[in-house]
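Chemist: There's a structure below that I have some questions on.
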Amino acid sequence: MAFDFNVILDNWALFARGTWLTIVIAVAAVAAGFLISMPIALMALSHRRTLRWIATAYVEWFRNIPFIVVLYLFFYGLPFFNLRLPEAIVGTIALAFFASSYFAEIIRGAILAVPKGQMEAARAIGMSYFQGLWEIVAPQTVRLLVPPSTNTSISMVKETSVLSAITVAELTYQGLVVQGETFAPFEVFLTTAAVYWVVTAIFAHFMHRAERAFGAAQGAHQARSSLADKYLLIGARRPA
Amino acid sequence: MQMPAKASDAAVLMRSVSKWYGQFQVLKDIDFDVAKGERVVICGPSGSGKSTLIRCLNRLEQYQSGQVVVDGIALTDDARSVDEVRREVGMVFQHFNLFPHLTILENCTLAPMSVRGFSRKAANETAMRYLSRVRISDHAHKYPSQISGGQQQRAAIARSLCMNPKVMLFDEPTSALDPEMVTEVLDTMVGLAEEGMTMICVTHEMGFARRVADRVIFMDRGQIVESAEPSVFFDAPKHARTRLFLSQILH
Ligand SMILES: Nc1ncnc2c1ncn2[C@@H]1O[C@H](COP(=O)(O)OP(=O)(O)OP(=O)(O)O)[C@@H](O)[C@H]1O
Ligand SMILES: [Mg+2]
């Protein structure tokens with residue numbers, strides 16, 4: 001049995017449309033998920049126990065159930081509240097919330113890695129909590145955020161395939177359609193796999209470049225002096 | 001309870017301030033006044049509550065009971081009074097806490113612009129004036145990690161001064177410095193004292209205390225044990241605990 005290229009050539013338009021939708025959904029879900037995760041991360045770092053509890057519950061909830069179950073909950077849950085939206089939108093929303101729980105943990109960790117004295121200095125010269133967060137803490141987290149965010153984003157690109165379960169016509173769904181018409185599953189899914197690989201590789205490449213750009217911009221002044229090293233050590237040993 | 005002659009003479013008033021961390025009482029019913037233009041040095045063993053005390057003055061720490069008034073503004077739970085007080089109180093930290101992603105100049109102009117609403121031009125002028133005063137204007141465009149520890153601490157002092165504070169708090173400003181850099185920072189602080197700045201310094205630099213302090217305070221286990229002018233404090237301390245402490249740090 002030979003690999004039948006005609007299966008691909010005859011149906012390239014379907015694959016192309018599926019790929020495009022996969023990219024659009026992934027980008028939208030990652031962007032929205034990142035925005036949603038910011039308040040969650042801040043709540044997780046709050047002094048108020050109830051806010052911390054809500055954030056923890058949110059993160060634990062999404063992280064401990066499979067995405068396909070989250071998707072079904074949104075798909076059947078929204079109509080239950082009389083909210084009827086196109087499948088692709090429902091799927092994107094579900095993925096955004098799912099992604100936000102991972103991003104929230106990443107952001108929380110990055111903020112915690114910035115020495116406490118930075119926020120204290122900002123507050124002491126009269127800046128508000130949000131000014132300190134935005135002008136002082138956030139810029140120092142970027143370098144720490146990029147690598148784990150890349151990994152999570154790539155996972156989310158792959159999770160879009162689950163949306164085929166609610167008939168969103170993304171890449172995997174189109175693969176299933178072509179397979180149903182051609183009865184050539186091996187050709188179809190090898191092609192699908194290759195496309196996912198290319199999409200995630202391109203994605204990773206750009207994130208890597210962004211990472212290096214930030215690294216270069218910060219490297220100039222973040223080469224640590226011996227004094228800065230000492231400061232980090234002392235900082236680590238001090239009681240919180 | 002000592003009261004200043006007139007309330008308006010007081011830069012700082014602390015009345016029966018107590019603070020607990022869980023069961024542990026860090027500050028025990030503290031009464032503490034600082035007059036305008038006065039220089040007070042606070043010393044005491046590690047863990048005695050020195051940092052906690054001065055951090056209560058700009059609400060970096062909360063306290064459970066008592067009252068704090070800074071420059072006539074009572075600190076309340078109201079966020080506005082806290083912001084108001086913080087604008088009038090500068091603080092210099094042991095580890096400088098300069099913002100590593102900003103140049104020295106930007107470190108100095110950020111708050112005047114975003115908090116006081118200065119134009120960039122006005123903020124730059126003010127910053128350059130204070131940076132020259134602490135003698136690091138040559139390094140204005142460098143990042144904190146590109147200058148020495150002593151220079152960083154002087155930059156941190158300039159950053160505070162740019163907000164034109166009425167009171168300056170120092171929390172062991174020289175104890176993270178290599179010995180050869182201590183003098184340059186102390187000299188900057190002496191200069192500030194000579195200009196009449198109200199200063200509250202936690203430090204164990206007793207030479208500095210003798211030279212500039214109007215009053216030296218010894219804290220132990222959350223209490224102010226001794227409070228006297230330097231000559232009395234060093235040469236005739238009243239309390240045994242003060243004598244023991246002095247013998248430990250002076251030898
Ligand atoms: N966040 C905290 N939680 C619990 N205990 C704390 C906390 N911060 C400080 N303490 C305790 O409060 C006491 C006073 O601390 P503080 O930092 O004010 O002491 P200090 O006199 O400045 O000491 P040092 O000379 O070491 O700086 C110490 O025993 C310390 O362990
Ligand atoms: Mg201290």
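Residues are referred to by chain and number: the chain letter is A, B, ... according to the order shown in the structure tokens, the number counts from 1 in that chain, and ligands are numbered separately from 1 in the order shown.
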Residues of chain A no more than 6 Å from chain B, counting only C-alpha atoms: send them over as a list in words.
Modeler: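 The contacting residues on chain A are Gly117, Gln118, Ala124, Gly126 and His221 of chain A.
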Chemist: Write the residues of the preceding selection, restricted to C-alpha atoms, as a PDB file, in the first residue's frame.
Modeler:
ATOM      1  CA  GLY A 117      11.791  45.242  48.321  1.00  0.00           C
ATOM      2  CA  GLN A 118      10.914  46.403  44.806  1.00  0.00           C
ATOM      3  CA  ALA A 124       7.557  54.106  49.909  1.00  0.00           C
ATOM      4  CA  GLY A 126       4.331  57.220  46.998  1.00  0.00           C
ATOM      5  CA  HIS A 221      22.301  45.836  32.730  1.00  0.00           C
TER       6      HIS A 221
END
Chemist: All residues within 10 Å of ligand 2 are required, counting only C-alpha atoms and all ligand atoms; please report them as a list of chain:residue names.
Modeler: B:Cys43, B:Gly44, B:Pro45, B:Ser46, B:Gly47, B:Ser48, B:Gly49, B:Lys50, B:Ser51, B:Thr52, B:Leu53, B:Ile54, B:Arg55, B:Phe93, B:Gln94, B:Asp171, B:Glu172, B:Val202, B:Thr203
Chemist: Go ahead and write the selection's residues with all heavy atoms as a short mmCIF file (atom, residue, chain, number, x, y, z; two decimals), in the first residue's frame.
Modeler:
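As a result, selection03.cif now contains:
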data_model
loop_
_atom_site.label_atom_id
_atom_site.label_comp_id
_atom_site.auth_asym_id
_atom_site.auth_seq_id
_atom_site.Cartn_x
_atom_site.Cartn_y
_atom_site.Cartn_z
N CYS B 43 19.19 52.19 67.63
CA CYS B 43 20.01 50.99 67.60
C CYS B 43 19.40 49.95 68.52
O CYS B 43 18.44 50.23 69.24
CB CYS B 43 21.45 51.30 67.99
SG CYS B 43 21.61 51.95 69.66
N GLY B 44 19.96 48.76 68.46
CA GLY B 44 19.42 47.68 69.28
C GLY B 44 19.73 46.35 68.63
O GLY B 44 20.07 46.30 67.45
N PRO B 45 19.61 45.28 69.43
CA PRO B 45 19.97 43.96 68.88
C PRO B 45 19.05 43.52 67.74
O PRO B 45 17.96 44.06 67.58
CB PRO B 45 19.84 43.02 70.08
CG PRO B 45 19.05 43.77 71.10
CD PRO B 45 19.22 45.22 70.82
N SER B 46 19.52 42.56 66.98
CA SER B 46 18.74 42.03 65.87
C SER B 46 17.42 41.46 66.38
O SER B 46 17.39 40.79 67.40
CB SER B 46 19.55 40.94 65.17
OG SER B 46 18.81 40.42 64.11
N GLY B 47 16.35 41.80 65.69
CA GLY B 47 15.04 41.28 66.07
C GLY B 47 14.34 42.11 67.13
O GLY B 47 13.26 41.75 67.60
N SER B 48 14.93 43.26 67.50
CA SER B 48 14.33 44.05 68.58
C SER B 48 13.15 44.89 68.09
O SER B 48 12.43 45.46 68.91
CB SER B 48 15.39 44.94 69.22
OG SER B 48 16.00 45.75 68.26
N GLY B 49 12.95 44.99 66.77
CA GLY B 49 11.79 45.72 66.25
C GLY B 49 12.11 47.07 65.64
O GLY B 49 11.21 47.85 65.35
N LYS B 50 13.42 47.34 65.39
CA LYS B 50 13.81 48.64 64.84
C LYS B 50 13.20 48.87 63.46
O LYS B 50 12.60 49.92 63.20
CB LYS B 50 15.34 48.74 64.74
CG LYS B 50 16.07 48.39 66.02
CD LYS B 50 17.58 48.43 65.84
CE LYS B 50 18.13 47.41 64.86
NZ LYS B 50 18.05 46.01 65.30
N SER B 51 13.38 47.89 62.58
CA SER B 51 12.83 48.04 61.23
C SER B 51 11.32 48.16 61.29
O SER B 51 10.73 49.01 60.62
CB SER B 51 13.19 46.83 60.36
OG SER B 51 14.57 46.71 60.25
N THR B 52 10.72 47.31 62.10
CA THR B 52 9.26 47.33 62.20
C THR B 52 8.79 48.71 62.64
O THR B 52 7.83 49.25 62.08
CB THR B 52 8.79 46.26 63.19
OG1 THR B 52 9.40 45.02 62.85
CG2 THR B 52 7.28 46.11 63.16
N LEU B 53 9.49 49.30 63.61
CA LEU B 53 9.07 50.62 64.10
C LEU B 53 9.09 51.65 62.98
O LEU B 53 8.10 52.34 62.74
CB LEU B 53 9.96 51.07 65.25
CG LEU B 53 9.55 52.37 65.93
CD1 LEU B 53 9.83 52.31 67.42
CD2 LEU B 53 10.24 53.59 65.35
N ILE B 54 10.21 51.74 62.26
CA ILE B 54 10.23 52.83 61.26
C ILE B 54 9.32 52.50 60.06
O ILE B 54 8.80 53.39 59.43
CB ILE B 54 11.65 53.23 60.81
CG1 ILE B 54 12.36 52.13 60.06
CG2 ILE B 54 12.50 53.73 61.96
CD1 ILE B 54 13.61 52.66 59.35
N ARG B 55 9.10 51.21 59.82
CA ARG B 55 8.20 50.86 58.72
C ARG B 55 6.74 51.13 59.06
O ARG B 55 5.90 51.21 58.15
CB ARG B 55 8.41 49.40 58.30
CG ARG B 55 9.77 49.19 57.58
CD ARG B 55 10.20 47.75 57.62
NE ARG B 55 9.25 46.88 56.99
CZ ARG B 55 9.29 46.54 55.70
NH1 ARG B 55 10.26 47.00 54.94
NH2 ARG B 55 8.39 45.76 55.19
N PHE B 93 16.65 51.94 52.05
CA PHE B 93 16.66 50.55 52.52
C PHE B 93 18.07 50.00 52.60
O PHE B 93 18.98 50.46 51.91
CB PHE B 93 15.86 49.67 51.55
CG PHE B 93 14.41 50.07 51.39
CD1 PHE B 93 14.04 51.03 50.46
CD2 PHE B 93 13.43 49.49 52.15
CE1 PHE B 93 12.72 51.40 50.29
CE2 PHE B 93 12.09 49.84 52.00
CZ PHE B 93 11.74 50.80 51.06
N GLN B 94 18.19 48.96 53.41
CA GLN B 94 19.48 48.28 53.53
C GLN B 94 20.02 47.81 52.17
O GLN B 94 21.18 47.96 51.88
CB GLN B 94 19.30 47.07 54.46
CG GLN B 94 20.57 46.35 54.79
CD GLN B 94 20.33 45.23 55.81
OE1 GLN B 94 19.19 44.93 56.18
NE2 GLN B 94 21.39 44.62 56.26
N ASP B 171 16.95 52.59 57.00
CA ASP B 171 16.98 51.30 57.70
C ASP B 171 18.31 50.61 57.40
O ASP B 171 18.47 49.98 56.36
CB ASP B 171 15.81 50.41 57.27
CG ASP B 171 15.65 49.19 58.17
OD1 ASP B 171 16.50 49.02 59.08
OD2 ASP B 171 14.70 48.43 57.98
N GLU B 172 19.25 50.74 58.29
CA GLU B 172 20.59 50.18 58.14
C GLU B 172 21.16 50.42 56.74
O GLU B 172 21.47 49.50 56.01
CB GLU B 172 20.57 48.67 58.44
CG GLU B 172 19.99 48.39 59.82
CD GLU B 172 20.42 47.06 60.38
OE1 GLU B 172 21.56 46.65 60.10
OE2 GLU B 172 19.62 46.45 61.11
N VAL B 202 18.02 53.91 61.52
CA VAL B 202 18.41 52.69 62.20
C VAL B 202 19.82 52.39 61.72
O VAL B 202 20.05 52.22 60.53
CB VAL B 202 17.48 51.52 61.83
CG1 VAL B 202 18.00 50.23 62.46
CG2 VAL B 202 16.06 51.80 62.26
N THR B 203 20.77 52.42 62.63
CA THR B 203 22.15 52.14 62.22
C THR B 203 22.98 51.76 63.44
O THR B 203 22.64 52.11 64.56
CB THR B 203 22.79 53.36 61.50
OG1 THR B 203 24.12 53.01 61.12
CG2 THR B 203 22.85 54.58 62.41
#
Chemist: May I ask for the distance between CA of Ser164 (chain A) and CA of Val198 (chain A), given in Å to one decimal place?
Modeler: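 A separation of 19.5 Å between them.
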Chemist: Would you kindly return, as a PDB file with all heavy atoms, in the first residue's frame, each protein, DNA or RNA residue with an atom no farther than 8 Å from any atom of Thr242 (chain B), considering only C-alpha atoms and excluding same-chain residues fewer than 4 positions away?
Modeler:
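Output contents, as saved in out.pdb:
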ATOM      1  N   PHE B 218      17.758  53.286  72.155  1.00  0.00           N
ATOM      2  CA  PHE B 218      18.105  51.871  72.200  1.00  0.00           C
ATOM      3  C   PHE B 218      16.824  51.058  72.346  1.00  0.00           C
ATOM      4  O   PHE B 218      16.028  51.301  73.256  1.00  0.00           O
ATOM      5  CB  PHE B 218      19.049  51.595  73.381  1.00  0.00           C
ATOM      6  CG  PHE B 218      19.301  50.135  73.604  1.00  0.00           C
ATOM      7  CD1 PHE B 218      20.019  49.389  72.667  1.00  0.00           C
ATOM      8  CD2 PHE B 218      18.816  49.487  74.734  1.00  0.00           C
ATOM      9  CE1 PHE B 218      20.254  48.036  72.862  1.00  0.00           C
ATOM     10  CE2 PHE B 218      19.051  48.131  74.935  1.00  0.00           C
ATOM     11  CZ  PHE B 218      19.771  47.402  74.001  1.00  0.00           C
ATOM     12  N   VAL B 225      14.124  51.232  75.276  1.00  0.00           N
ATOM     13  CA  VAL B 225      14.685  51.068  76.613  1.00  0.00           C
ATOM     14  C   VAL B 225      15.349  52.364  77.070  1.00  0.00           C
ATOM     15  O   VAL B 225      15.212  52.786  78.200  1.00  0.00           O
ATOM     16  CB  VAL B 225      15.714  49.910  76.618  1.00  0.00           C
ATOM     17  CG1 VAL B 225      16.416  49.824  77.969  1.00  0.00           C
ATOM     18  CG2 VAL B 225      15.024  48.591  76.279  1.00  0.00           C
ATOM     19  N   GLU B 226      16.075  52.987  76.152  1.00  0.00           N
ATOM     20  CA  GLU B 226      16.837  54.177  76.534  1.00  0.00           C
ATOM     21  C   GLU B 226      16.733  55.205  75.421  1.00  0.00           C
ATOM     22  O   GLU B 226      16.732  54.858  74.247  1.00  0.00           O
ATOM     23  CB  GLU B 226      18.300  53.787  76.756  1.00  0.00           C
ATOM     24  CG  GLU B 226      19.180  54.906  77.234  1.00  0.00           C
ATOM     25  CD  GLU B 226      19.928  54.541  78.522  1.00  0.00           C
ATOM     26  OE1 GLU B 226      19.955  53.366  78.900  1.00  0.00           O
ATOM     27  OE2 GLU B 226      20.490  55.458  79.136  1.00  0.00           O
ATOM     28  N   PRO B 237      25.098  55.622  79.981  1.00  0.00           N
ATOM     29  CA  PRO B 237      23.778  54.999  79.774  1.00  0.00           C
ATOM     30  C   PRO B 237      23.197  54.535  81.105  1.00  0.00           C
ATOM     31  O   PRO B 237      23.931  54.056  81.964  1.00  0.00           O
ATOM     32  CB  PRO B 237      24.073  53.820  78.849  1.00  0.00           C
ATOM     33  CG  PRO B 237      25.519  53.551  79.004  1.00  0.00           C
ATOM     34  CD  PRO B 237      26.177  54.829  79.373  1.00  0.00           C
ATOM     35  N   LYS B 238      21.883  54.677  81.216  1.00  0.00           N
ATOM     36  CA  LYS B 238      21.235  54.374  82.491  1.00  0.00           C
ATOM     37  C   LYS B 238      21.003  52.884  82.675  1.00  0.00           C
ATOM     38  O   LYS B 238      21.094  52.370  83.772  1.00  0.00           O
ATOM     39  CB  LYS B 238      19.879  55.102  82.566  1.00  0.00           C
ATOM     40  CG  LYS B 238      19.991  56.504  83.158  1.00  0.00           C
ATOM     41  CD  LYS B 238      18.621  57.050  83.487  1.00  0.00           C
ATOM     42  CE  LYS B 238      18.297  58.183  82.577  1.00  0.00           C
ATOM     43  NZ  LYS B 238      17.208  58.413  81.844  1.00  0.00           N
ATOM     44  N   LEU B 246      26.110  48.202  74.136  1.00  0.00           N
ATOM     45  CA  LEU B 246      27.198  49.072  73.685  1.00  0.00           C
ATOM     46  C   LEU B 246      28.542  48.362  73.806  1.00  0.00           C
ATOM     47  O   LEU B 246      29.392  48.473  72.920  1.00  0.00           O
ATOM     48  CB  LEU B 246      27.203  50.374  74.496  1.00  0.00           C
ATOM     49  CG  LEU B 246      26.086  51.361  74.133  1.00  0.00           C
ATOM     50  CD1 LEU B 246      26.095  52.564  75.074  1.00  0.00           C
ATOM     51  CD2 LEU B 246      26.222  51.823  72.683  1.00  0.00           C
TER      52      LEU B 246
END
Chemist: With only C-alpha atoms as the counted atoms, please give the residues lying no more than 7 Å from Ile217 (chain B), apart from itself and same-chain residues fewer than 4 positions off, as a PyMOL selection string.
Modeler: chain B and resi 41-43+224+226-228
Chemist: Which of these residues is nearest to ligand 1, using only C-alpha atoms and all ligand atoms: B:Leu75, B:Val26, B:Leu13, B:Ala155?
Modeler: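 For ligand 1, the nearest of the given residues is B:Val26.
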Chemist: If you run DSSP on the backbone, which residues of region 48-153 of chain B are helix (DSSP H, G or I), as an MDAnalysis selection string?
Modeler: chainID B and resid 50:57 79:88 104:114 120:133 137:139 144:146 149:153
Chemist: Selected residues, C-alpha atoms, written as a PDB file, in the first residue's frame, please.
Modeler:
ATOM      1  CA  LYS B  50      13.811  48.644  64.839  1.00  0.00           C
ATOM      2  CA  SER B  51      12.832  48.039  61.227  1.00  0.00           C
ATOM      3  CA  THR B  52       9.257  47.331  62.197  1.00  0.00           C
ATOM      4  CA  LEU B  53       9.069  50.620  64.098  1.00  0.00           C
ATOM      5  CA  ILE B  54      10.229  52.828  61.258  1.00  0.00           C
ATOM      6  CA  ARG B  55       8.205  50.857  58.715  1.00  0.00           C
ATOM      7  CA  CYS B  56       5.087  51.681  60.734  1.00  0.00           C
ATOM      8  CA  LEU B  57       5.795  55.354  60.053  1.00  0.00           C
ATOM      9  CA  ALA B  79      -5.665  54.666  51.818  1.00  0.00           C
ATOM     10  CA  ARG B  80      -5.583  58.384  51.062  1.00  0.00           C
ATOM     11  CA  SER B  81      -3.912  59.307  54.338  1.00  0.00           C
ATOM     12  CA  VAL B  82      -1.357  56.547  53.730  1.00  0.00           C
ATOM     13  CA  ASP B  83      -0.562  57.882  50.259  1.00  0.00           C
ATOM     14  CA  GLU B  84      -0.373  61.418  51.610  1.00  0.00           C
ATOM     15  CA  VAL B  85       2.087  60.387  54.313  1.00  0.00           C
ATOM     16  CA  ARG B  86       4.213  58.326  51.957  1.00  0.00           C
ATOM     17  CA  ARG B  87       4.692  61.317  49.713  1.00  0.00           C
ATOM     18  CA  GLU B  88       6.156  63.250  52.659  1.00  0.00           C
ATOM     19  CA  ILE B 104      19.572  55.930  37.793  1.00  0.00           C
ATOM     20  CA  LEU B 105      17.944  59.028  36.320  1.00  0.00           C
ATOM     21  CA  GLU B 106      14.710  57.159  35.574  1.00  0.00           C
ATOM     22  CA  ASN B 107      14.732  55.744  39.103  1.00  0.00           C
ATOM     23  CA  CYS B 108      14.724  59.335  40.324  1.00  0.00           C
ATOM     24  CA  THR B 109      12.124  60.755  37.928  1.00  0.00           C
ATOM     25  CA  LEU B 110       9.498  57.999  37.973  1.00  0.00           C
ATOM     26  CA  ALA B 111       7.663  58.938  41.165  1.00  0.00           C
ATOM     27  CA  PRO B 112       7.865  62.721  40.734  1.00  0.00           C
ATOM     28  CA  MET B 113       6.249  62.248  37.320  1.00  0.00           C
ATOM     29  CA  SER B 114       3.674  59.573  38.125  1.00  0.00           C
ATOM     30  CA  ARG B 120       9.655  65.065  32.359  1.00  0.00           C
ATOM     31  CA  LYS B 121      11.727  68.215  32.010  1.00  0.00           C
ATOM     32  CA  ALA B 122      11.049  69.390  35.553  1.00  0.00           C
ATOM     33  CA  ALA B 123      11.577  65.894  36.954  1.00  0.00           C
ATOM     34  CA  ASN B 124      14.886  65.550  35.089  1.00  0.00           C
ATOM     35  CA  GLU B 125      16.101  68.889  36.402  1.00  0.00           C
ATOM     36  CA  THR B 126      15.216  68.030  39.983  1.00  0.00           C
ATOM     37  CA  ALA B 127      16.772  64.592  39.638  1.00  0.00           C
ATOM     38  CA  MET B 128      20.020  65.940  38.186  1.00  0.00           C
ATOM     39  CA  ARG B 129      20.239  68.468  40.994  1.00  0.00           C
ATOM     40  CA  TYR B 130      19.977  65.772  43.658  1.00  0.00           C
ATOM     41  CA  LEU B 131      22.226  63.378  41.744  1.00  0.00           C
ATOM     42  CA  SER B 132      24.924  66.063  41.665  1.00  0.00           C
ATOM     43  CA  ARG B 133      24.408  66.631  45.334  1.00  0.00           C
ATOM     44  CA  SER B 137      25.394  62.764  38.232  1.00  0.00           C
ATOM     45  CA  ASP B 138      28.080  61.215  35.981  1.00  0.00           C
ATOM     46  CA  HIS B 139      26.293  57.883  36.333  1.00  0.00           C
ATOM     47  CA  PRO B 144      21.938  50.203  38.984  1.00  0.00           C
ATOM     48  CA  SER B 145      23.952  47.012  38.396  1.00  0.00           C
ATOM     49  CA  GLN B 146      26.616  49.034  36.560  1.00  0.00           C
ATOM     50  CA  GLY B 149      27.047  49.538  46.112  1.00  0.00           C
ATOM     51  CA  GLY B 150      27.954  52.868  47.673  1.00  0.00           C
ATOM     52  CA  GLN B 151      26.917  54.660  44.494  1.00  0.00           C
ATOM     53  CA  GLN B 152      23.670  52.692  44.408  1.00  0.00           C
ATOM     54  CA  GLN B 153      22.847  53.689  47.962  1.00  0.00           C
TER      55      GLN B 153
END
Chemist: Please list as a PyMOL selection string every residue within 8 Å of region 71-86 of chain A, counting only C-alpha atoms and excluding residues in the same chain fewer than 3 positions away.
Modeler: chain A and resi 67-68+89-91+94-95+163+166
Chemist: Write the residues of the preceding selection, restricted to N, CA, C and O atoms, as an mmCIF file, in the first residue's frame.
Modeler:
data_model
loop_
_atom_site.group_PDB
_atom_site.id
_atom_site.type_symbol
_atom_site.label_atom_id
_atom_site.label_comp_id
_atom_site.auth_asym_id
_atom_site.auth_seq_id
_atom_site.Cartn_x
_atom_site.Cartn_y
_atom_site.Cartn_z
ATOM 1 N N PHE A 67 -9.377 18.759 29.476
ATOM 2 C CA PHE A 67 -9.955 19.856 28.721
ATOM 3 C C PHE A 67 -11.261 19.458 28.041
ATOM 4 O O PHE A 67 -12.191 20.256 27.942
ATOM 5 N N ILE A 68 -11.360 18.201 27.594
ATOM 6 C CA ILE A 68 -12.583 17.822 26.871
ATOM 7 C C ILE A 68 -13.813 17.938 27.778
ATOM 8 O O ILE A 68 -14.895 18.325 27.330
ATOM 9 N N ILE A 89 -16.905 29.796 18.873
ATOM 10 C CA ILE A 89 -16.781 30.796 19.946
ATOM 11 C C ILE A 89 -16.793 30.102 21.303
ATOM 12 O O ILE A 89 -15.957 30.379 22.178
ATOM 13 N N VAL A 90 -17.741 29.172 21.466
ATOM 14 C CA VAL A 90 -17.822 28.435 22.728
ATOM 15 C C VAL A 90 -16.488 27.732 22.998
ATOM 16 O O VAL A 90 -15.948 27.788 24.106
ATOM 17 N N GLY A 91 -15.962 27.089 21.966
ATOM 18 C CA GLY A 91 -14.696 26.366 22.123
ATOM 19 C C GLY A 91 -13.556 27.303 22.500
ATOM 20 O O GLY A 91 -12.724 26.979 23.360
ATOM 21 N N ALA A 94 -13.952 28.342 26.136
ATOM 22 C CA ALA A 94 -13.573 27.246 27.040
ATOM 23 C C ALA A 94 -12.056 27.124 27.119
ATOM 24 O O ALA A 94 -11.476 26.994 28.200
ATOM 25 N N LEU A 95 -11.409 27.197 25.956
ATOM 26 C CA LEU A 95 -9.949 27.061 25.935
ATOM 27 C C LEU A 95 -9.281 28.247 26.636
ATOM 28 O O LEU A 95 -8.271 28.083 27.331
ATOM 29 N N LEU A 163 -11.558 20.600 20.146
ATOM 30 C CA LEU A 163 -12.776 21.292 19.710
ATOM 31 C C LEU A 163 -13.506 20.544 18.597
ATOM 32 O O LEU A 163 -14.687 20.804 18.321
ATOM 33 N N ILE A 166 -16.929 19.084 19.410
ATOM 34 C CA ILE A 166 -18.190 19.837 19.332
ATOM 35 C C ILE A 166 -18.350 20.421 17.916
ATOM 36 O O ILE A 166 -18.972 21.460 17.732
#
Chemist: Which of these residues is nearest to Ile154 (chain A), using only C-alpha atoms: A:Ala110, A:Ala44, A:Val188, A:Ala201?
Modeler: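 Answer, going by the shortest atom-to-atom distance: A:Ala201.
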